[in-house]
$ cat query-v3.txt   # compact mmCIF, C-alpha atoms
# COMPACT_ATOMS: atom_id res chain seq x y z
CA MET A 1 78.58 125.68 76.02
CA LYS A 2 79.46 122.09 76.11
CA THR A 3 78.22 119.01 77.65
CA THR A 4 79.44 116.06 79.62
CA LEU A 5 78.13 113.49 81.96
CA PHE A 6 78.07 110.03 83.01
CA ALA A 7 76.60 106.75 82.84
CA GLY A 8 73.66 104.56 83.18
CA ILE A 9 72.45 101.23 81.99
CA VAL A 10 69.74 98.65 81.72
CA LEU A 11 68.96 95.57 83.69
CA VAL A 12 67.53 92.80 85.84
CA SER A 13 63.87 92.18 85.70
CA GLY A 14 61.41 89.83 84.11
CA PHE A 15 58.64 88.19 82.16
CA LEU A 16 55.80 85.66 82.55
CA ALA A 17 52.73 87.42 83.90
CA TRP A 18 51.72 85.30 86.81
CA LYS A 19 49.10 86.00 89.40
CA TYR A 20 50.55 87.56 92.52
CA ASP A 21 48.80 89.22 95.43
CA PRO A 22 50.93 92.09 96.78
CA LEU A 23 49.02 91.98 100.03
CA GLN A 24 49.58 88.28 100.55
CA PRO A 25 51.94 87.67 103.51
CA VAL A 26 55.42 86.48 102.58
CA THR A 27 55.70 82.97 103.94
CA GLU A 28 58.93 81.67 102.43
CA LYS A 29 61.24 80.04 104.96
CA VAL A 30 64.28 82.14 105.74
CA ASN A 31 67.25 81.21 107.89
CA PRO A 32 68.14 83.42 110.86
CA PRO A 33 70.77 86.10 110.27
CA ALA A 34 74.28 84.75 110.06
CA VAL A 35 76.77 85.69 112.74
CA LEU A 36 79.54 87.58 110.96
CA HIS A 37 82.54 89.62 112.03
CA PRO A 38 81.92 93.00 113.68
CA VAL A 39 81.40 95.90 111.32
CA THR A 40 84.42 98.10 110.61
CA THR A 41 84.47 101.85 110.26
CA SER A 42 84.76 101.60 106.48
CA PRO A 43 82.13 99.50 104.65
CA SER A 44 84.41 98.88 101.66
CA ALA A 45 85.18 95.20 101.37
CA LYS A 46 88.77 94.42 102.29
CA ASP A 47 88.36 90.75 101.51
CA ASN A 48 86.03 91.15 98.53
CA THR A 49 86.74 91.76 94.90
CA ARG A 50 85.53 95.28 94.11
CA ILE A 51 83.90 96.98 91.15
CA GLN A 52 84.57 100.70 91.40
CA VAL A 53 82.91 103.25 89.10
CA ALA A 54 83.71 106.98 89.01
CA LEU A 55 81.11 109.12 87.25
CA LEU A 56 82.50 112.44 86.01
CA LEU A 57 79.56 114.68 85.21
CA ASP A 58 79.78 118.00 83.45
CA THR A 59 77.28 120.38 84.97
CA SER A 60 77.65 123.25 82.51
CA ASN A 61 74.57 124.88 80.96
CA SER A 62 74.10 122.41 78.12
CA MET A 63 74.09 119.33 80.34
CA ASP A 64 70.46 119.20 81.55
CA GLY A 65 69.44 116.48 79.11
CA LEU A 66 72.40 114.28 79.96
CA ILE A 67 71.90 114.74 83.68
CA ASP A 68 68.29 113.66 83.23
CA GLN A 69 69.54 110.53 81.48
CA ALA A 70 71.91 109.91 84.39
CA LYS A 71 69.05 110.15 86.88
CA SER A 72 67.01 107.84 84.68
CA ARG A 73 69.73 105.21 84.50
CA LEU A 74 71.41 105.26 87.91
CA TRP A 75 69.58 102.21 89.22
CA ASN A 76 69.89 100.46 85.86
CA ILE A 77 73.66 100.61 86.10
CA ILE A 78 73.57 99.38 89.69
CA ASN A 79 71.43 96.42 88.64
CA THR A 80 73.76 95.67 85.74
CA LEU A 81 76.77 95.66 88.04
CA THR A 82 75.01 93.26 90.41
CA THR A 83 74.78 90.65 87.65
CA LEU A 84 78.59 90.34 87.60
CA LYS A 85 80.37 87.56 89.46
CA TYR A 86 84.06 86.84 89.88
CA HIS A 87 84.73 83.11 90.21
CA GLY A 88 81.19 82.79 91.52
CA LYS A 89 81.68 85.50 94.14
CA THR A 90 79.61 88.70 94.36
CA PRO A 91 81.92 91.73 94.31
CA ALA A 92 81.46 94.83 96.44
CA ILE A 93 80.30 97.84 94.41
CA GLU A 94 81.51 101.38 95.07
CA ILE A 95 80.43 104.50 93.18
CA ALA A 96 82.05 107.96 93.16
CA LEU A 97 80.56 111.16 91.77
CA TYR A 98 82.34 114.24 90.39
CA GLU A 99 80.98 117.37 88.77
CA TYR A 100 83.01 119.74 86.60
CA GLY A 101 82.62 122.54 84.07
CA ASN A 102 80.36 124.62 86.33
CA ASN A 103 80.92 128.35 86.95
CA GLY A 104 79.70 127.86 90.49
CA LEU A 105 82.79 125.77 91.24
CA SER A 106 86.14 127.22 92.26
CA PRO A 107 88.41 128.39 89.40
CA ALA A 108 91.36 127.42 91.60
CA SER A 109 90.17 123.81 91.51
CA GLY A 110 89.80 123.89 87.73
CA PHE A 111 86.00 124.00 88.11
CA ILE A 112 86.11 120.46 89.57
CA ARG A 113 84.38 119.11 92.68
CA GLN A 114 84.38 115.66 94.21
CA VAL A 115 80.72 115.25 95.15
CA THR A 116 81.24 111.89 96.86
CA PRO A 117 84.24 109.60 97.30
CA LEU A 118 83.97 105.93 96.35
CA THR A 119 81.14 104.68 98.53
CA THR A 120 78.71 101.79 98.95
CA ASP A 121 76.02 104.26 100.11
CA LEU A 122 73.79 104.20 97.04
CA ASP A 123 71.14 106.44 98.58
CA LEU A 124 73.84 109.09 99.02
CA ILE A 125 74.80 108.83 95.34
CA SER A 126 71.14 109.23 94.35
CA GLU A 127 70.69 112.19 96.73
CA LYS A 128 73.74 114.02 95.35
CA LEU A 129 72.90 113.27 91.73
CA PHE A 130 69.42 114.75 92.12
CA SER A 131 70.90 117.84 93.79
CA LEU A 132 73.19 118.75 90.86
CA ARG A 133 72.41 122.04 89.11
CA THR A 134 73.83 123.27 85.79
CA ASN A 135 75.74 126.51 85.23
CA GLY A 136 78.10 127.73 82.49
CA GLY A 137 81.80 127.03 82.95
CA GLU A 138 85.07 125.70 81.58
CA GLU A 139 85.28 121.97 80.94
CA TYR A 140 88.68 120.34 81.45
CA CYS A 141 88.47 116.60 80.80
CA GLY A 142 92.14 115.87 81.43
CA ALA A 143 92.05 117.67 84.77
CA VAL A 144 88.95 115.92 86.13
CA ILE A 145 90.23 112.49 85.06
CA SER A 146 93.57 113.16 86.73
CA SER A 147 91.82 114.33 89.89
CA ALA A 148 89.69 111.18 90.08
CA VAL A 149 92.69 108.92 89.45
CA LYS A 150 94.79 110.56 92.16
CA SER A 151 92.19 111.39 94.80
CA LEU A 152 89.95 108.32 94.98
CA GLU A 153 90.86 105.22 97.00
CA TRP A 154 91.14 102.72 94.18
CA GLY A 155 91.52 99.01 94.95
CA HIS A 156 94.83 97.23 94.58
CA ASP A 157 93.65 93.67 93.95
CA GLU A 158 94.39 92.46 90.44
CA ALA A 159 90.78 91.30 90.06
CA ASP A 160 89.26 94.67 91.03
CA MET A 161 87.44 96.28 88.10
CA LYS A 162 87.98 100.06 88.06
CA LEU A 163 86.05 102.24 85.62
CA ILE A 164 85.83 105.95 84.84
CA TYR A 165 82.96 107.34 82.74
CA ILE A 166 83.11 110.85 81.32
CA ALA A 167 80.78 112.41 78.74
CA GLY A 168 80.51 115.70 76.91
CA ASN A 169 80.56 117.57 73.59
CA GLU A 170 83.48 120.00 73.86
CA PRO A 171 87.01 119.14 72.67
CA PHE A 172 88.57 116.55 74.95
CA ASN A 173 91.94 118.30 75.03
CA GLN A 174 90.90 121.55 76.74
CA GLY A 175 92.72 122.80 79.84
CA SER A 176 96.30 122.72 81.07
CA VAL A 177 96.27 119.04 82.11
CA SER A 178 96.92 116.75 79.15
CA TYR A 179 94.32 114.00 78.73
CA THR A 180 97.15 111.82 77.43
CA THR A 181 98.99 112.21 80.74
CA ALA A 182 95.78 111.62 82.71
CA ALA A 183 95.07 108.47 80.69
CA ALA A 184 98.57 107.16 81.39
CA GLU A 185 98.01 107.75 85.11
CA ALA A 186 94.78 105.76 84.92
CA VAL A 187 96.29 102.88 82.97
CA GLY A 188 99.08 102.73 85.52
CA LYS A 189 96.45 101.90 88.14
CA SER A 190 94.53 99.52 85.83
CA ILE A 191 91.64 101.99 85.54
CA PHE A 192 89.64 101.95 82.28
CA ILE A 193 88.59 105.34 80.89
CA ASN A 194 85.32 105.29 78.94
CA THR A 195 84.26 108.35 76.96
CA ILE A 196 80.78 109.28 75.76
CA PHE A 197 80.51 112.06 73.19
CA CYS A 198 77.14 113.80 73.03
CA GLY A 199 76.73 114.41 69.34
CA ASN A 200 77.88 113.22 65.94
CA LYS A 201 80.32 110.31 65.96
CA ARG A 202 82.69 111.93 63.48
CA GLU A 203 82.84 115.09 65.57
CA GLY A 204 83.56 113.01 68.67
CA ILE A 205 86.47 111.39 66.90
CA ALA A 206 87.75 114.74 65.58
CA THR A 207 87.61 116.35 69.04
CA ARG A 208 89.71 113.56 70.63
CA TRP A 209 87.00 111.74 72.59
CA LYS A 210 87.79 108.44 70.89
CA ASP A 211 91.50 108.99 71.37
CA GLY A 212 90.87 109.57 75.08
CA ALA A 213 89.13 106.19 75.34
CA ASP A 214 91.82 104.48 73.25
CA LYS A 215 94.60 105.82 75.44
CA GLY A 216 92.60 104.86 78.54
CA LEU A 217 92.02 101.31 77.20
CA GLY A 218 88.27 101.86 77.49
CA LYS A 219 85.29 102.30 75.16
CA PHE A 220 84.15 105.28 73.07
CA PHE A 221 80.48 105.96 72.40
CA ASN A 222 78.39 108.74 70.94
CA ILE A 223 74.79 109.40 71.98
CA ASP A 224 71.96 111.90 71.67
CA SER A 225 72.04 113.44 75.14
CA ASP A 226 68.72 115.23 74.62
CA ARG A 227 66.82 112.04 73.93
CA LYS A 228 64.28 111.05 76.54
CA VAL A 229 64.93 107.64 78.04
CA ASP A 230 62.49 105.00 76.84
CA PHE A 231 60.97 102.81 79.56
CA ILE A 232 59.02 99.61 79.14
CA GLU A 233 56.31 99.01 81.72
CA THR A 234 55.64 95.43 82.77
CA PRO A 235 52.94 93.47 84.62
CA TYR A 236 55.33 93.19 87.59
CA ASP A 237 55.93 96.88 88.30
CA SER A 238 53.00 97.49 90.66
CA ILE A 239 53.62 94.24 92.51
CA ILE A 240 57.28 95.09 93.13
CA ALA A 241 56.28 98.60 94.25
CA ALA A 242 53.91 97.12 96.83
CA TYR A 243 56.67 94.97 98.26
CA ASN A 244 58.98 97.98 98.41
CA GLU A 245 56.56 99.66 100.82
CA ARG A 246 56.84 96.60 103.05
CA ILE A 247 60.62 96.37 102.87
CA ASN A 248 61.02 99.98 104.05
CA ASP A 249 59.21 99.02 107.26
CA THR A 250 61.92 96.47 108.07
CA TYR A 251 64.60 99.15 108.59
CA ILE A 252 65.39 100.27 112.15
CA GLY A 253 67.34 103.50 112.20
CA TYR A 254 69.85 103.85 115.02
CA GLY A 255 72.46 106.35 116.12
CA ALA A 256 72.92 110.01 115.21
CA TYR A 257 71.91 109.55 111.57
CA GLY A 258 69.29 106.82 111.89
CA VAL A 259 66.24 109.05 111.46
CA SER A 260 67.68 111.22 108.67
CA LYS A 261 69.01 108.25 106.72
CA LYS A 262 65.72 106.38 106.99
CA ASN A 263 63.91 109.50 105.77
CA ASN A 264 66.41 109.82 102.92
CA GLN A 265 65.67 106.25 101.88
CA VAL A 266 62.04 107.22 101.31
CA LEU A 267 63.08 110.47 99.61
CA GLN A 268 65.25 108.61 97.11
CA ASP A 269 62.31 106.29 96.38
CA ALA A 270 60.35 109.44 95.53
CA ASN A 271 63.19 110.88 93.42
CA ALA A 272 63.35 107.70 91.36
CA LYS A 273 59.57 107.71 90.94
CA SER A 274 59.65 111.34 89.78
CA ILE A 275 61.50 110.16 86.67
CA SER A 276 59.09 107.33 85.88
CA LYS A 277 57.35 104.38 87.48
CA ALA A 278 59.68 101.99 85.65
CA ASN A 279 62.74 103.84 86.96
CA SER A 280 61.48 103.56 90.54
CA VAL A 281 61.01 99.82 90.07
CA GLU A 282 64.67 99.56 89.04
CA ARG A 283 65.57 101.16 92.37
CA TYR A 284 63.31 98.80 94.31
CA ILE A 285 65.04 95.86 92.63
CA SER A 286 68.43 97.29 93.65
CA LYS A 287 67.18 97.40 97.24
CA SER A 288 66.62 93.65 97.13
CA LYS A 289 70.31 93.02 96.49
CA GLU A 290 73.37 92.60 98.66
CA VAL A 291 74.91 95.72 97.13
CA TYR A 292 72.34 97.93 98.88
CA LYS A 293 74.23 98.46 102.14
CA ASN A 294 73.01 100.47 105.14
CA GLU A 295 74.71 99.00 108.19
CA SER A 296 75.94 102.46 109.27
CA TRP A 297 72.37 103.41 110.24
CA ASP A 298 70.17 100.30 110.04
CA LEU A 299 70.24 98.13 113.17
CA VAL A 300 68.97 95.06 111.32
CA GLU A 301 71.89 95.01 108.89
CA ARG A 302 74.40 96.09 111.54
CA SER A 303 73.41 93.25 113.85
CA LYS A 304 74.12 90.69 111.13
CA ASN A 305 77.76 91.80 111.05
CA ASP A 306 77.98 92.66 114.75
CA PRO A 307 75.53 90.65 116.90
CA ALA A 308 76.99 92.16 120.08
CA ILE A 309 75.59 95.57 119.11
CA LEU A 310 72.20 94.56 120.53
CA LYS A 311 73.78 94.21 123.98
CA THR A 312 76.01 97.29 123.86
CA ILE A 313 73.91 99.87 122.03
CA SER A 314 72.77 102.83 124.12
CA LYS A 315 69.03 103.12 124.63
CA SER A 316 69.22 106.74 123.46
CA ASP A 317 70.52 105.52 120.07
CA LEU A 318 67.37 103.47 119.49
CA PRO A 319 64.05 104.69 118.06
CA LYS A 320 61.72 105.84 120.84
CA GLU A 321 59.40 102.87 120.38
CA LEU A 322 62.28 100.47 121.17
CA GLN A 323 63.97 102.33 124.03
CA GLY A 324 61.91 100.54 126.67
CA LYS A 325 62.72 97.06 125.35
CA THR A 326 64.99 94.63 127.15
CA THR A 327 67.95 93.19 125.23
CA GLU A 328 66.03 89.95 124.70
CA GLU A 329 62.96 91.80 123.43
CA LEU A 330 65.10 93.96 121.12
CA HIS A 331 66.76 90.82 119.76
CA LYS A 332 63.37 89.31 118.91
CA VAL A 333 62.27 92.49 117.09
CA VAL A 334 65.48 92.63 115.04
CA ILE A 335 65.34 88.92 114.16
CA ALA A 336 61.73 89.26 113.01
CA LYS A 337 62.57 92.29 110.84
CA SER A 338 65.59 90.51 109.40
CA ARG A 339 63.62 87.42 108.43
CA GLU A 340 60.84 89.51 106.94
CA ARG A 341 63.30 91.54 104.88
CA ASP A 342 65.17 88.48 103.61
CA SER A 343 61.90 86.96 102.45
CA ILE A 344 60.71 90.15 100.74
CA GLN A 345 64.08 90.66 99.04
CA HIS A 346 63.95 87.13 97.71
CA THR A 347 60.46 87.74 96.34
CA ILE A 348 61.43 91.04 94.70
CA ALA A 349 64.52 89.44 93.16
CA THR A 350 62.39 86.65 91.69
CA LEU A 351 59.88 89.14 90.29
CA GLY A 352 62.75 91.26 89.00
CA LYS A 353 64.13 88.42 86.91
CA LYS A 354 60.71 87.77 85.39
CA ARG A 355 60.34 91.50 84.72
CA GLN A 356 63.65 91.57 82.85
CA GLN A 357 62.61 88.64 80.70
CA TYR A 358 59.51 90.61 79.75
CA ILE A 359 61.63 93.69 78.90
CA ASP A 360 64.15 91.64 76.90
CA ALA A 361 61.36 90.14 74.82
CA ALA A 362 59.89 93.59 74.14
CA MET A 363 63.32 95.03 73.26
CA LYS A 364 63.83 92.40 70.56
CA GLN A 365 60.85 93.87 68.75
CA THR A 366 61.47 97.58 69.38
CA GLY A 367 65.27 97.72 69.30
CA LYS A 368 67.65 99.20 71.87
CA PRO A 369 67.37 102.94 72.57
CA ASP A 370 70.37 105.13 71.78
CA ASP A 371 70.87 106.54 75.26
CA LEU A 372 73.45 106.71 78.00
CA GLY A 373 72.24 103.49 79.59
CA THR A 374 72.74 101.42 76.47
CA ALA A 375 76.28 102.74 75.99
CA ILE A 376 77.29 101.99 79.55
CA ASN A 377 75.66 98.57 79.59
CA MET A 378 77.65 97.49 76.56
CA SER A 379 80.95 98.68 78.00
CA ILE A 380 80.42 97.17 81.45
CA ILE A 381 79.77 93.69 80.08
CA GLN A 382 82.63 93.87 77.57
CA LEU A 383 85.20 95.20 80.02
CA ALA A 384 84.08 92.80 82.75
CA ALA A 385 84.77 89.86 80.44
CA THR A 386 88.38 90.99 79.97
CA LYS A 387 88.84 90.91 83.77
CA GLY A 388 87.42 87.42 84.16
CA TYR A 389 83.95 88.39 85.37
CA SER A 390 80.82 86.64 84.18
CA ALA A 391 77.34 88.13 83.90
CA GLU A 392 74.51 86.14 85.42
CA LYS A 393 70.97 86.40 84.06

$ encode --input "query-v3.txt" --output "structure tokens"
Amino acid sequence: MKTTLFAGIVLVSGFLAWKYDPLQPVTEKVNPPAVLHPVTTSPSAKDNTRIQVALLLDTSNSMDGLIDQAKSRLWNIINTLTTLKYHGKTPAIEIALYEYGNNGLSPASGFIRQVTPLTTDLDLISEKLFSLRTNGGEEYCGAVISSAVKSLEWGHDEADMKLIYIAGNEPFNQGSVSYTTAAAEAVGKSIFINTIFCGNKREGIATRWKDGADKGLGKFFNIDSDRKVDFIETPYDSIIAAYNERINDTYIGYGAYGVSKKNNQVLQDANAKSISKANSVERYISKSKEVYKNESWDLVERSKNDPAILKTISKSDLPKELQGKTTEELHKVVIAKSRERDSIQHTIATLGKKRQQYIDAAMKQTGKPDDLGTAINMSIIQLAATKGYSAEK
């Protein structure tokens, strides 16, 4: 059949093997949580510049290798995106996931399914990515691009960076929806279309994958989708993993989804680790960043944006161990968890930078692997520069 998938990329970690005791208490001074505006129903940042990425993944029979690369690089791409600043400001990051080209999908929909809309819920993206299963089908690149352009809630700010990634190995011009028309629709909304052909570069050019990227003002790449992702282990991996165990304990699930979402957090840790230890460390580093948002179910994060929640929340919406607490006692618990998390996140971020320095030094000697992550990393940095973003190390 064919093949098609999405994106991944490298980044953010470090070097310098220093002596660190993962069991040593974190003692860095952290300010109390800031009092911000109450949380809104939608977590997307109305006042923030946004980076929005739609991943269009072909789940036909031949796509297993590419899907494995996607799983291996999900947290790499998140970490790459978090290095970008716009005039010194950290943008909000939203990811959407589509699958297409699968016989299990509806023919009436063109074998296309929106798996998730644009969302800041990164655990949800991980959960859905790991649940994808391949099956033979018809792969219509123009149709899935057009669907993503029309159906997703793309930002309207001139500074918003909007990216579509689509990969595969069948002709790009299949189906009744013209990829040329779909590309024009994307360009009209300032959305860059990036294409990744899984196979020989000349064949990718001949089957219109490069033309699709050219018309979408994006980048064209070719990769070996069956190649296993190369990971470099560092002296910091075990230390960061130990701190991740501690950071999970700072989350307080509340409301109807508090328990299930907290359990899913641990499950996605396990999914990342099932790929490799290095991949799981990339996820742990992502969890130390502002982009990892969970205010819809975590009382600690919610209270930062809406301090009044501690006075108004129903006792039945709290974990059993906190239901007997007074408002003052609950406030003390949340403040303590918040300070502990801030300190641990700072420590992980510091270790992550040193880890990346270590990886960068090793990569200079071994060369960059020809995988999905490398392709996406290159395009993100290049396209970000054209929009006025800068990448911080």

$ closest_residue --input "query-v3.txt" --among "A:Ser286, A:Asn244, A:Gln323, A:Thr350" --to "Thr82 of chain A" --atoms "only C-alpha atoms"
A:Ser286

$ residues_around --input "query-v3.txt" --residues "segment 299-302 of chain A" --least-positions-apart "4" --cutoff "10 Å" --atoms "all atoms listed in the file" --output "JSON list (two decimals) with C-alpha atoms, in the frame of the given file"
[["chain", "number", "residue", "atom", "x", "y", "z"],
["A", 33, "PRO", "CA", 70.77, 86.10, 110.27],
["A", 36, "LEU", "CA", 79.54, 87.58, 110.96],
["A", 38, "PRO", "CA", 81.92, 93.00, 113.68],
["A", 39, "VAL", "CA", 81.40, 95.90, 111.32],
["A", 250, "THR", "CA", 61.92, 96.47, 108.07],
["A", 251, "TYR", "CA", 64.60, 99.15, 108.59],
["A", 252, "ILE", "CA", 65.39, 100.27, 112.15],
["A", 253, "GLY", "CA", 67.34, 103.50, 112.20],
["A", 254, "TYR", "CA", 69.85, 103.85, 115.02],
["A", 255, "GLY", "CA", 72.46, 106.35, 116.12],
["A", 258, "GLY", "CA", 69.29, 106.82, 111.89],
["A", 293, "LYS", "CA", 74.23, 98.46, 102.14],
["A", 294, "ASN", "CA", 73.01, 100.47, 105.14],
["A", 295, "GLU", "CA", 74.71, 99.00, 108.19],
["A", 306, "ASP", "CA", 77.98, 92.66, 114.75],
["A", 307, "PRO", "CA", 75.53, 90.65, 116.90],
["A", 308, "ALA", "CA", 76.99, 92.16, 120.08],
["A", 309, "ILE", "CA", 75.59, 95.57, 119.11],
["A", 310, "LEU", "CA", 72.20, 94.56, 120.53],
["A", 313, "ILE", "CA", 73.91, 99.87, 122.03],
["A", 318, "LEU", "CA", 67.37, 103.47, 119.49],
["A", 331, "HIS", "CA", 66.76, 90.82, 119.76],
["A", 333, "VAL", "CA", 62.27, 92.49, 117.09],
["A", 334, "VAL", "CA", 65.48, 92.63, 115.04],
["A", 335, "ILE", "CA", 65.34, 88.92, 114.16],
["A", 336, "ALA", "CA", 61.73, 89.26, 113.01],
["A", 337, "LYS", "CA", 62.57, 92.29, 110.84],
["A", 338, "SER", "CA", 65.59, 90.51, 109.40],
["A", 339, "ARG", "CA", 63.62, 87.42, 108.43],
["A", 341, "ARG", "CA", 63.30, 91.54, 104.88]]

$ residues_around --input "query-v3.txt" --residues "segment 174-190 of chain A" --least-positions-apart "4" --cutoff "9 Å" --atoms "all atoms listed in the file" --output "PyMOL selection string"
chain A and resi 110+138-147+149-150+154-156+158+160-164+170+211-213+215-217

$ write_last_selection --input "query-v3.txt" --atoms "C-alpha atoms" --output "compact mmCIF listing (two decimals), in the frame of the given file"
# COMPACT_ATOMS: atom_id res chain seq x y z
CA GLY A 110 89.80 123.89 87.73
CA GLU A 138 85.07 125.70 81.58
CA GLU A 139 85.28 121.97 80.94
CA TYR A 140 88.68 120.34 81.45
CA CYS A 141 88.47 116.60 80.80
CA GLY A 142 92.14 115.87 81.43
CA ALA A 143 92.05 117.67 84.77
CA VAL A 144 88.95 115.92 86.13
CA ILE A 145 90.23 112.49 85.06
CA SER A 146 93.57 113.16 86.73
CA SER A 147 91.82 114.33 89.89
CA VAL A 149 92.69 108.92 89.45
CA LYS A 150 94.79 110.56 92.16
CA TRP A 154 91.14 102.72 94.18
CA GLY A 155 91.52 99.01 94.95
CA HIS A 156 94.83 97.23 94.58
CA GLU A 158 94.39 92.46 90.44
CA ASP A 160 89.26 94.67 91.03
CA MET A 161 87.44 96.28 88.10
CA LYS A 162 87.98 100.06 88.06
CA LEU A 163 86.05 102.24 85.62
CA ILE A 164 85.83 105.95 84.84
CA GLU A 170 83.48 120.00 73.86
CA ASP A 211 91.50 108.99 71.37
CA GLY A 212 90.87 109.57 75.08
CA ALA A 213 89.13 106.19 75.34
CA LYS A 215 94.60 105.82 75.44
CA GLY A 216 92.60 104.86 78.54
CA LEU A 217 92.02 101.31 77.20

$ residues_around --input "query-v3.txt" --residues "Ala92 of chain A" --least-positions-apart "5" --cutoff "9 Å" --atoms "only C-alpha atoms" --output "list in words"
Ser44, Ala45, Asn48, Thr49, Arg50, Ile51, Gln52, Thr82, Thr120, Glu290 and Val291 of chain A

$ residues_around --input "query-v3.txt" --residues "Glu392 of chain A" --least-positions-apart "6" --cutoff "10 Å" --atoms "all atoms listed in the file" --output "VMD selection string"
chain A and resid 12 80 82 to 85 88

$ write_last_selection --input "query-v3.txt" --atoms "C-alpha atoms" --output "PDB file, in the frame of the given file"
ATOM      1  CA  VAL A  12      67.530  92.800  85.840  1.00  0.00           C
ATOM      2  CA  THR A  80      73.760  95.670  85.740  1.00  0.00           C
ATOM      3  CA  THR A  82      75.010  93.260  90.410  1.00  0.00           C
ATOM      4  CA  THR A  83      74.780  90.650  87.650  1.00  0.00           C
ATOM      5  CA  LEU A  84      78.590  90.340  87.600  1.00  0.00           C
ATOM      6  CA  LYS A  85      80.370  87.560  89.460  1.00  0.00           C
ATOM      7  CA  GLY A  88      81.190  82.790  91.520  1.00  0.00           C
TER       8      GLY A  88
END

$ atom_distance --input "query-v3.txt" --atom1 "atom CA of Tyr284 of chain A" --atom2 "atom CA of Thr234 of chain A"
14.3 Å

$ atom_distance --input "query-v3.txt" --atom1 "atom CA of Lys287 of chain A" --atom2 "atom CA of Ser260 of chain A"
17.9 Å

$ decode --input "query-v3.txt" --residues "segment 345-390 of chain A" --atoms "C-alpha atoms" --output "PDB file, in the first residue's frame"
ATOM      1  CA  GLN A 345      10.675  21.560  37.251  1.00  0.00           C
ATOM      2  CA  HIS A 346      13.526  24.029  37.557  1.00  0.00           C
ATOM      3  CA  THR A 347      15.916  21.213  38.430  1.00  0.00           C
ATOM      4  CA  ILE A 348      14.760  19.015  35.541  1.00  0.00           C
ATOM      5  CA  ALA A 349      15.050  21.937  33.122  1.00  0.00           C
ATOM      6  CA  THR A 350      18.619  22.580  34.267  1.00  0.00           C
ATOM      7  CA  LEU A 351      19.534  18.912  33.901  1.00  0.00           C
ATOM      8  CA  GLY A 352      17.787  18.839  30.534  1.00  0.00           C
ATOM      9  CA  LYS A 353      19.992  21.597  29.152  1.00  0.00           C
ATOM     10  CA  LYS A 354      23.118  19.790  30.309  1.00  0.00           C
ATOM     11  CA  ARG A 355      21.775  16.571  28.780  1.00  0.00           C
ATOM     12  CA  GLN A 356      21.282  18.279  25.422  1.00  0.00           C
ATOM     13  CA  GLN A 357      24.816  19.609  25.468  1.00  0.00           C
ATOM     14  CA  TYR A 358      26.006  16.038  25.957  1.00  0.00           C
ATOM     15  CA  ILE A 359      23.848  14.829  23.036  1.00  0.00           C
ATOM     16  CA  ASP A 360      24.976  17.679  20.772  1.00  0.00           C
ATOM     17  CA  ALA A 361      28.610  16.834  21.425  1.00  0.00           C
ATOM     18  CA  ALA A 362      27.990  13.156  20.639  1.00  0.00           C
ATOM     19  CA  MET A 363      26.048  14.020  17.470  1.00  0.00           C
ATOM     20  CA  LYS A 364      28.988  15.989  16.086  1.00  0.00           C
ATOM     21  CA  GLN A 365      30.963  12.761  16.052  1.00  0.00           C
ATOM     22  CA  THR A 366      28.247  10.346  14.888  1.00  0.00           C
ATOM     23  CA  GLY A 367      26.263  12.570  12.512  1.00  0.00           C
ATOM     24  CA  LYS A 368      22.524  13.244  12.459  1.00  0.00           C
ATOM     25  CA  PRO A 369      20.211  10.269  11.872  1.00  0.00           C
ATOM     26  CA  ASP A 370      18.021  10.307   8.767  1.00  0.00           C
ATOM     27  CA  ASP A 371      14.677  10.009  10.523  1.00  0.00           C
ATOM     28  CA  LEU A 372      11.422  11.854  10.924  1.00  0.00           C
ATOM     29  CA  GLY A 373      12.689  13.837  13.886  1.00  0.00           C
ATOM     30  CA  THR A 374      15.629  15.306  12.026  1.00  0.00           C
ATOM     31  CA  ALA A 375      13.419  16.386   9.119  1.00  0.00           C
ATOM     32  CA  ILE A 376      10.904  18.102  11.355  1.00  0.00           C
ATOM     33  CA  ASN A 377      13.544  19.758  13.510  1.00  0.00           C
ATOM     34  CA  MET A 378      15.122  21.389  10.489  1.00  0.00           C
ATOM     35  CA  SER A 379      11.819  22.691   9.161  1.00  0.00           C
ATOM     36  CA  ILE A 380      10.579  24.028  12.502  1.00  0.00           C
ATOM     37  CA  ILE A 381      13.687  26.135  13.075  1.00  0.00           C
ATOM     38  CA  GLN A 382      13.803  27.398   9.476  1.00  0.00           C
ATOM     39  CA  LEU A 383      10.120  28.292   9.271  1.00  0.00           C
ATOM     40  CA  ALA A 384      10.143  29.855  12.736  1.00  0.00           C
ATOM     41  CA  ALA A 385      12.906  32.233  11.642  1.00  0.00           C
ATOM     42  CA  THR A 386      10.746  33.510   8.766  1.00  0.00           C
ATOM     43  CA  LYS A 387       8.007  34.392  11.288  1.00  0.00           C
ATOM     44  CA  GLY A 388      10.336  36.286  13.598  1.00  0.00           C
ATOM     45  CA  TYR A 389      10.793  33.573  16.216  1.00  0.00           C
ATOM     46  CA  SER A 390      14.142  32.843  17.812  1.00  0.00           C
TER      47      SER A 390
END
